[in-house]
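Asker: Can you read through this structure? Questions will come right after.
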2 protein chains.
Amino acid sequence: MHATLRDATPPLTRSVEDYLKAIYHLSSQGGFASTSEIAAMLDVAPPSVSGMVKRLSETGLIEHVPYRGVQLTAQGRRAALKMIRRHRILELYLTQHLGYDWGGVHAEAERLEHAVSDDLIERMASGLGQPQYDPHGDPIPTAAGEIEETELVALAEAPVGSKFELRQVGTQDPARLRYLAEQGLVPGVLLTVSERQPFNGPTTIALVPSGDRRVVGRELALVLWCREMPVEGYGATAR
Amino acid sequence: MHATLRDATPPLTRSVEDYLKAIYHLSSQGGFASTSEIAAMLDVAPPSVSGMVKRLSETGLIEHVPYRGVQLTAQGRRAALKMIRRHRILELYLTQHLGYDWGGVHAEAERLEHAVSDDLIERMASGLGQPQYDPHGDPIPTAAGEIEETELVALAEAPVGSKFELRQVGTQDPARLRYLAEQGLVPGVLLTVSERQPFNGPTTIALVPSGDRRVVGRELALVLWCREMPVEGYGATAR
DNA sequence: TGTCATAATTAGGTTATCCTAACACTCCCC
DNA sequence: GGGGAGTGTTAGGATAACCTAATTATGACA
């Protein structure tokens with residue numbers, strides 16, 4: 001037994017860690033992550049993604065269907081969840097113990113997550129009382145690599161009065177995407193559902209940090225996938 | 001706003017930061033740092049150092065006298081002191097707030113120092129009460145880049161009863177160096193001076209973590225350069 | 001003062017990551 | 001069911017670090 005898991009795992013590079021995280025986020029709703037989506041998320045050119053994808057699938061971290069996209073293997077998913085745990089614990093620690101606000105914390109955690117040891121992360125986690133949610137309300141994977149499954153609800157179906165985070169925009173249409181971005185309706189934004197008109201009418205929401213209201217027609221409300229926020233919790237503002 | 005003043009400085013890579021730190025330590029007693037010393041300290045091959053030295057002197061961070069060695073320029077010294085400030089504040093923070101001991105803290109800080117932002121370091125520094133010394137007793141450079149000058153004393157002259165850190169071994173003789181290393185007398189080691197025999201006799205010391213005793217003859221004691229340790233505990237003003 | 005061990009440098013090569021330009025595949029749509 | 005628009009991939013390079021092997025400079029000493 002020599003080709004075991006341990007020596008098959010030379011430490012991942014920063015880049016590899018970033019690719020795995022991006023692929024995790026892009027395929028979390030159960031599909032494939034496409035080359036161009038990954039490229040956009042990591043701000044690199046598509047050919048760079050093709051090259052990396054080749055290496056990652058050779059090392060068994062992802063599965064690649066040419067011209068279709070990629071998915072994480074169990075091994076890749078484990079590595080991605082480890083990075084997400086690091087990121088979210090760092091965000092929470094920086095917020096709770098070092099006075100960061102939601103704005104500044106993401107970039108700092110993004111760099112630190114590649115440099116901290118497992119040991120340090122677990123020390124921070126105990127200092128925080130083994131938290132379950134980060135400052136944005138996102139669930140923190142356990143050290144064992146389990147994560148609370150958060151199912152998404154279309155905004156059109158979201159109960160009035162509840163608080164949500166917009167997680168996915170389910171359209172590729174540039175005109176719709178541009179409009180939504182102008183309205184501030186981008187993944188990560190927090191909102192409460194104020195009211196909904198009957199007979200498939202529009203949904204009215206309030207953006208959470210600002211209190212600004214938006215009226216969203218049913219067609220768009222059906223493609224805005226939201227995650228209900230844990231009731232208590234830190235987290236209030238968007239990233 | 002001061003970012004504008006510094007945009008002549010494209011961000012340094014991790015490697016560059018490590019080279020500058022090594023050169024700072026090796027030339028702190030006012031000489032040149034040699035290629036082979038740098039290579040040994042960073043655990044790379046000498047040709048790698050030659051290559052890096054060429055790049056660093058082209059970018060004005062060091063001055064290179066071929067076949068002689070290198071020294072930091074004012075700009076390089078500033079960058080090195082910034083890294084040392086980061087390292088020492090990290091060591092102190094990890095020790096004070098996250099339960100690290102002297103053993104584990106160095107490696108962790110070594111990785112984190114390249115990833116933290118200036119902002120985070122200053123937040124840690126305030127959390128620690130703007131400390132002046134790290135857990136090893138080494139002075140922490142100020143954010144402005146000033147460092148307490150520590151003058152060194154030969155062990156042969158060090159007053160009995162005081163505590164010192166061995167900082168420099170002032171000989172190149174391989175036999176002497178090998179002997180000293182066998183005795184555990186390498187830079188960084190902590191010791192207290194137990195007694196000294198009269199008429200230029202030997203000095204007896206106790207190593208600090210272990211309590212092991214060593215008797216050092218006057219010839220060697222004259223080349224062991226030590227820094228007196230601040231009396232009380234670490235951190236000085238740790239809040 | 002010439003020899004030679006040692007240290008430093010140059011030459012040439014590898015790996016990881018990224019890029020641009022050129023080519024290949026898919027699939028929608030008429 | 002054949003053309004394209006739009007994606008994805010291959011080709012060919014660049015850069016930052018590193019390495020080993022070969023070459024060159026320095027300085028101690030016989």
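Following the order of the structure tokens, chains are lettered A, B, ..., residues in each are numbered from 1, and ligands are numbered from 1.
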Write out as a list in words which residues come within 8 Å of segment 67-80 of chain B when counting only C-alpha atoms (C1' of nucleotides), dropping same-chain ones fewer than 3 positions away.
Answerer: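 In the requested form, the answer reads Glu17, Leu20, Lys21, Ile23, Tyr24, Ser27, Gly31, Phe32, Ala33, Ser34, Thr35, Val53, Gly60, Leu61, Ile62, Glu63, His64, Met83, Ile84 and Gly145 of chain B; DA7 and DA8 of chain C; DA25 and DT26 of chain D.
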Asker: Keeping C-alpha atoms (C1' of nucleotides), export the residues of the selection given above as a PDB file, in the first residue's frame.
Answerer:
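Wrote part.pdb, looks like this:
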```pdb
ATOM      1  CA  GLU B  17      10.059  39.096   1.265  1.00  0.00           C
ATOM      2  CA  LEU B  20      14.963  40.579   2.331  1.00  0.00           C
ATOM      3  CA  LYS B  21      14.323  39.288   5.812  1.00  0.00           C
ATOM      4  CA  ILE B  23      19.564  39.550   4.306  1.00  0.00           C
ATOM      5  CA  TYR B  24      18.461  41.858   7.096  1.00  0.00           C
ATOM      6  CA  SER B  27      23.816  41.848   7.732  1.00  0.00           C
ATOM      7  CA  GLY B  31      28.530  43.546   7.282  1.00  0.00           C
ATOM      8  CA  PHE B  32      27.610  41.959   4.003  1.00  0.00           C
ATOM      9  CA  ALA B  33      25.422  38.912   3.686  1.00  0.00           C
ATOM     10  CA  SER B  34      27.118  36.274   1.559  1.00  0.00           C
ATOM     11  CA  THR B  35      25.442  34.173  -1.091  1.00  0.00           C
ATOM     12  CA  VAL B  53      20.218  38.880  -5.917  1.00  0.00           C
ATOM     13  CA  GLY B  60      16.934  48.765  -5.952  1.00  0.00           C
ATOM     14  CA  LEU B  61      16.177  46.729  -2.860  1.00  0.00           C
ATOM     15  CA  ILE B  62      19.723  45.605  -2.238  1.00  0.00           C
ATOM     16  CA  GLU B  63      23.231  46.497  -3.235  1.00  0.00           C
ATOM     17  CA  HIS B  64      25.397  43.746  -4.617  1.00  0.00           C
ATOM     18  CA  MET B  83       8.106  41.874   7.511  1.00  0.00           C
ATOM     19  CA  ILE B  84       9.844  41.604  10.863  1.00  0.00           C
ATOM     20  CA  GLY B 145      10.036  51.277  10.391  1.00  0.00           C
TER      21      GLY B 145
ATOM     22  C1'  DA C   7      32.658  30.467  -2.894  1.00  0.00           C
ATOM     23  C1'  DA C   8      30.105  32.764  -6.528  1.00  0.00           C
TER      24       DA C   8
ATOM     25  C1'  DA D  25      36.972  34.651  -9.123  1.00  0.00           C
ATOM     26  C1'  DT D  26      39.189  35.147  -4.438  1.00  0.00           C
TER      27       DT D  26
END
```
Asker: Skipping near chain neighbours, those fewer than 2 positions away, what residues fall within 10 Å of segment 88-90 of chain A using only C-alpha atoms (C1' of nucleotides), listed as a ChimeraX atom specification?
Answerer: /A:83-86,92-96,105-106,108-110,112-113,116,120-122,124-125,128,130-141
Asker: What residues in segment 3-83 of chain B get the DSSP label alpha helix (DSSP H)? Please answer as JSON, numbers by chain.
Answerer: {"B": [14, 15, 16, 17, 18, 19, 20, 21, 22, 23, 24, 25, 26, 27, 35, 36, 37, 38, 39, 40, 41, 42, 46, 47, 48, 49, 50, 51, 52, 53, 54, 55, 56, 57, 58, 74, 75, 76, 77, 78, 79, 80, 81, 82, 83]}
Asker: For chain A fitted to chain B over all Cα atoms in order, what RMSD does a least-squares superposition give?
Answerer: 3.2 Å
Asker: Take atom CA of Met229 of chain B and atom CA of Asn200 of chain B and report the distance between them in Å, one decimal.
Answerer: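 Interatomic distance, atom CA of Met229 of chain B to atom CA of Asn200 of chain B: 24.2 Å.
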Asker: Could you go through segment 22-226 of chain B and tell me which residues DSSP, when run on the backbone, assigns to strand (DSSP E or B), listing them as a ChimeraX atom specification?
Answerer: /B:33,62-65,69-72,133,139,153-154,163-169,190-196,203-207,213-216,224-226
Asker: Produce a file of the selected residues containing N, CA and C atoms, as a compact mmCIF listing (two decimals), in the first residue's frame.
Answerer:
```
# COMPACT_ATOMS: atom_id res chain seq x y z
N ALA B 33 25.93 40.27 3.63
CA ALA B 33 25.42 38.91 3.69
C ALA B 33 25.97 38.18 2.47
N ILE B 62 18.45 45.94 -2.87
CA ILE B 62 19.72 45.60 -2.24
C ILE B 62 20.86 46.16 -3.08
N GLU B 63 22.05 46.16 -2.48
CA GLU B 63 23.23 46.50 -3.24
C GLU B 63 24.13 45.28 -3.27
N HIS B 64 24.65 44.98 -4.44
CA HIS B 64 25.40 43.75 -4.62
C HIS B 64 26.81 44.07 -5.08
N VAL B 65 27.78 43.58 -4.32
CA VAL B 65 29.17 43.66 -4.76
C VAL B 65 29.57 42.25 -5.17
N GLY B 69 29.18 40.08 -1.55
CA GLY B 69 27.97 39.93 -0.76
C GLY B 69 26.98 41.04 -1.03
N VAL B 70 25.94 41.09 -0.23
CA VAL B 70 24.90 42.10 -0.46
C VAL B 70 24.55 42.81 0.84
N GLN B 71 23.97 43.99 0.69
CA GLN B 71 23.46 44.78 1.79
C GLN B 71 22.13 45.35 1.36
N LEU B 72 21.27 45.63 2.31
CA LEU B 72 19.99 46.24 1.97
C LEU B 72 20.17 47.72 1.66
N TYR B 133 7.96 44.21 22.49
CA TYR B 133 8.79 43.01 22.35
C TYR B 133 7.92 41.81 22.00
N PRO B 139 12.86 42.99 19.88
CA PRO B 139 12.11 44.24 19.74
C PRO B 139 11.28 44.24 18.46
N VAL B 153 26.76 41.93 23.51
CA VAL B 153 27.83 41.79 24.49
C VAL B 153 28.47 40.44 24.27
N ALA B 154 29.78 40.35 24.33
CA ALA B 154 30.41 39.04 24.27
C ALA B 154 30.04 38.28 25.55
N LYS B 163 20.02 37.36 31.90
CA LYS B 163 19.50 36.45 30.90
C LYS B 163 19.82 37.03 29.52
N PHE B 164 20.25 36.15 28.62
CA PHE B 164 20.67 36.62 27.30
C PHE B 164 20.11 35.74 26.20
N GLU B 165 20.07 36.32 25.01
CA GLU B 165 19.84 35.52 23.81
C GLU B 165 21.13 35.53 23.02
N LEU B 166 21.56 34.35 22.58
CA LEU B 166 22.73 34.27 21.72
C LEU B 166 22.33 34.76 20.34
N ARG B 167 23.02 35.78 19.84
CA ARG B 167 22.60 36.36 18.57
C ARG B 167 23.58 36.12 17.44
N GLN B 168 24.84 36.06 17.73
CA GLN B 168 25.82 35.93 16.66
C GLN B 168 26.99 35.12 17.14
N VAL B 169 27.51 34.31 16.25
CA VAL B 169 28.70 33.54 16.56
C VAL B 169 29.81 34.10 15.69
N LEU B 190 18.39 30.79 24.26
CA LEU B 190 18.32 31.64 25.45
C LEU B 190 19.16 31.03 26.56
N LEU B 191 19.75 31.87 27.38
CA LEU B 191 20.61 31.35 28.45
C LEU B 191 20.72 32.37 29.57
N THR B 192 21.05 31.85 30.75
CA THR B 192 21.40 32.75 31.84
C THR B 192 22.84 32.48 32.23
N VAL B 193 23.54 33.51 32.67
CA VAL B 193 24.94 33.38 33.05
C VAL B 193 24.98 32.96 34.52
N SER B 194 25.50 31.74 34.78
CA SER B 194 25.47 31.21 36.14
C SER B 194 26.68 31.67 36.96
N GLU B 195 27.86 31.55 36.38
CA GLU B 195 29.04 32.02 37.11
C GLU B 195 30.21 32.19 36.17
N ARG B 196 31.27 32.85 36.68
CA ARG B 196 32.48 33.01 35.86
C ARG B 196 33.69 32.89 36.77
N THR B 203 33.19 30.75 31.57
CA THR B 203 31.86 31.20 31.98
C THR B 203 30.93 30.00 32.00
N THR B 204 30.15 29.87 33.06
CA THR B 204 29.17 28.78 33.12
C THR B 204 27.79 29.37 32.86
N ILE B 205 27.05 28.71 31.98
CA ILE B 205 25.72 29.21 31.63
C ILE B 205 24.70 28.09 31.79
N ALA B 206 23.44 28.49 31.89
CA ALA B 206 22.35 27.52 31.88
C ALA B 206 21.46 27.85 30.68
N LEU B 207 21.22 26.86 29.82
CA LEU B 207 20.31 27.06 28.70
C LEU B 207 18.90 27.22 29.25
N ARG B 213 23.43 22.86 31.64
CA ARG B 213 24.55 23.76 31.89
C ARG B 213 25.66 23.54 30.86
N ARG B 214 26.39 24.60 30.56
CA ARG B 214 27.54 24.53 29.66
C ARG B 214 28.64 25.37 30.27
N VAL B 215 29.86 24.87 30.15
CA VAL B 215 31.02 25.66 30.58
C VAL B 215 31.76 26.09 29.32
N VAL B 216 31.92 27.39 29.16
CA VAL B 216 32.48 27.93 27.93
C VAL B 216 33.79 28.65 28.24
N LEU B 224 30.98 34.67 21.26
CA LEU B 224 29.53 34.46 21.37
C LEU B 224 28.88 35.78 21.75
N TRP B 225 28.24 36.41 20.75
CA TRP B 225 27.65 37.73 20.97
C TRP B 225 26.22 37.58 21.41
N CYS B 226 25.92 38.23 22.53
CA CYS B 226 24.62 38.03 23.15
C CYS B 226 23.89 39.35 23.31
```
Asker: Taking 2 positions as the minimum chain separation for residues in the same chain, which residues sit within 6 Å of Leu155 of chain A when counting only C-alpha atoms (C1' of nucleotides)? Answer as a ChimeraX atom specification.
Answerer: /A:157-158,221,224
Asker: Please report as a ChimeraX atom specification which residues of chain D come no farther than 12 Å from chain A, using only C-alpha atoms (C1' of nucleotides).
Answerer: /D:6-11
Asker: I'd like a table as a tab-separated table: residues in chain A with an atom no more than 8 Å from chain C, each row giving the shortest atom pair and its distance in Å to one decimal, only C-alpha atoms (C1' of nucleotides) counted, sorted by chain and rising residue number.
Answerer:
```
residue	atom	partner	partner_atom	distance
A:Val44	CA	C:DC18	C1'	7.8
A:Ala45	CA	C:DC19	C1'	7.5
A:Ser48	CA	C:DC18	C1'	6.6
A:Tyr67	CA	C:DC25	C1'	7.4
```
Asker: Point out the residue among A:Glu37, A:Glu146, A:Glu58, A:Asp119 with the least atom-to-atom distance to chain B, counting only C-alpha atoms.
Answerer: A:Asp119
Asker: Between A:Leu81, A:Leu220, A:Leu26, A:Ala115, which is the closest to chain B once you count only C-alpha atoms?
Answerer: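 Ranking A:Leu81, A:Leu220, A:Leu26, A:Ala115 by distance to chain B, first place goes to A:Ala115.
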Asker: Could you tell me how far atom CA of Ser28 of chain A sits from atom CA of Glu148 of chain A, in Å to one decimal place?
Answerer: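 Result for atom CA of Glu148 of chain A versus atom CA of Ser28 of chain A: 12.3 Å, one decimal.
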